[in-house]
Amino acid sequence: MYGQANNGNEVERTDQTIPLFFTHLLSKVTVILKTGAGLVDADLDGAKVELLGVKPTTTITMASGTIGVAAGTETDIHVFTATSSALSGSAIVVPQQLPVQFVRVSLADGGVLTGTLNDNTQPDLVTGNAYAYTITVNLTALNISAFITGWDEYNYDGTASMR
């Protein structure tokens, strides 16, 4: 998260209330698993979900709140391991374009499935967005649908003091 005074000006020491505005600079990816043809929920217990080919680093310019391009060696990011009571999980990642085959579901029985978006494009993760991928796991393939929103913005009140 990046925060600045609502008016965009620098803040001096004061005992007065200063409204701050916070924005997310990274991207949030949520994966929801559903059972498809030939599977039941119990078959997803222990399934490991990973995002593939993620560049893990970036830079942030604190003075302006700008984020650099994704960098570093592409790596696979563990999002979550499914249980019978939890078939979803989230990861916070650097905004970037992921590979066409961007997700892997490894079932506890040894089956491994990789998936692409239904239109076969590369997911483009943008700063401040939340991506929800519902993945229907079939015996032989994954079916992925996507829903993209702005990352939730909340208005909070609190008190902090400078000493």
# chains A, B, ... in the order shown; residues from 1 in each chain; ligands from 1
>>> residues_around(residues="region 97-113 of chain A", least_positions_apart="3", cutoff="9 Å", atoms="only C-alpha atoms", output="VMD selection string")
chain A and resid 43 to 55 70 76 116 to 117 120 to 126 137 139 to 142
>>> select_by_dssp(residues="chain A", states="helix (DSSP H, G or I)", output="PyMOL selection string")
chain A and resi 41-44
>>> atom_distance(atom1="CA of Thr35 (chain A)", atom2="CA of Ser88 (chain A)")
12.4 Å
>>> select_by_dssp(residues="region 29-107 of chain A", states="strand (DSSP E or B)", output="number ranges by chain")
A: 29-35, 48-54, 57, 60-61, 66-67, 71, 75-81, 83, 86, 88-93, 96-97, 103-106
>>> closest_atom_pairs(of="region 82-118 of chain A", to="region 16-31 of chain A", cutoff="8 Å", atoms="only C-alpha atoms", output="tab-separated table")
residue	atom	partner	partner_atom	distance
A:Ser88	CA	A:Val31	CA	5.5
A:Gly89	CA	A:Thr30	CA	5.6
A:Ser90	CA	A:Thr30	CA	4.1
A:Ala91	CA	A:Val29	CA	5.3
A:Ile92	CA	A:Lys28	CA	4.6
A:Val93	CA	A:Ser27	CA	5.4
A:Val94	CA	A:Leu26	CA	5.2
A:Pro95	CA	A:Ser27	CA	5.5
>>> residues_around(residues="Ile60 (chain A)", least_positions_apart="5", cutoff="10 Å", atoms="only C-alpha atoms", output="VMD selection string")
chain A and resid 2 25 65 to 69
>>> write_last_selection(atoms="N, CA and C atoms", output="JSON list (two decimals), in the first residue's frame")
[["chain", "number", "residue", "atom", "x", "y", "z"],
["A", 2, "TYR", "N", 0.35, 2.27, -0.62],
["A", 2, "TYR", "CA", 1.04, 3.55, -0.67],
["A", 2, "TYR", "C", 0.07, 4.60, -0.16],
["A", 25, "LEU", "N", -0.55, -0.85, -4.66],
["A", 25, "LEU", "CA", 0.34, -0.78, -5.81],
["A", 25, "LEU", "C", 0.58, -2.15, -6.44],
["A", 65, "GLY", "N", 4.90, 7.38, -5.45],
["A", 65, "GLY", "CA", 3.98, 6.25, -5.40],
["A", 65, "GLY", "C", 3.92, 5.46, -6.69],
["A", 66, "THR", "N", 5.00, 5.52, -7.47],
["A", 66, "THR", "CA", 5.03, 4.75, -8.72],
["A", 66, "THR", "C", 5.78, 3.45, -8.50],
["A", 67, "ILE", "N", 5.36, 2.45, -9.25],
["A", 67, "ILE", "CA", 5.96, 1.12, -9.13],
["A", 67, "ILE", "C", 6.69, 0.80, -10.43],
["A", 68, "GLY", "N", 7.84, 0.14, -10.31],
["A", 68, "GLY", "CA", 8.62, -0.24, -11.48],
["A", 68, "GLY", "C", 8.07, -1.50, -12.12],
["A", 69, "VAL", "N", 8.72, -1.91, -13.19],
["A", 69, "VAL", "CA", 8.30, -3.13, -13.88],
["A", 69, "VAL", "C", 8.72, -4.35, -13.07]]
>>> atom_distance(atom1="CA of Ile148 (chain A)", atom2="CA of Met62 (chain A)")
26.5 Å
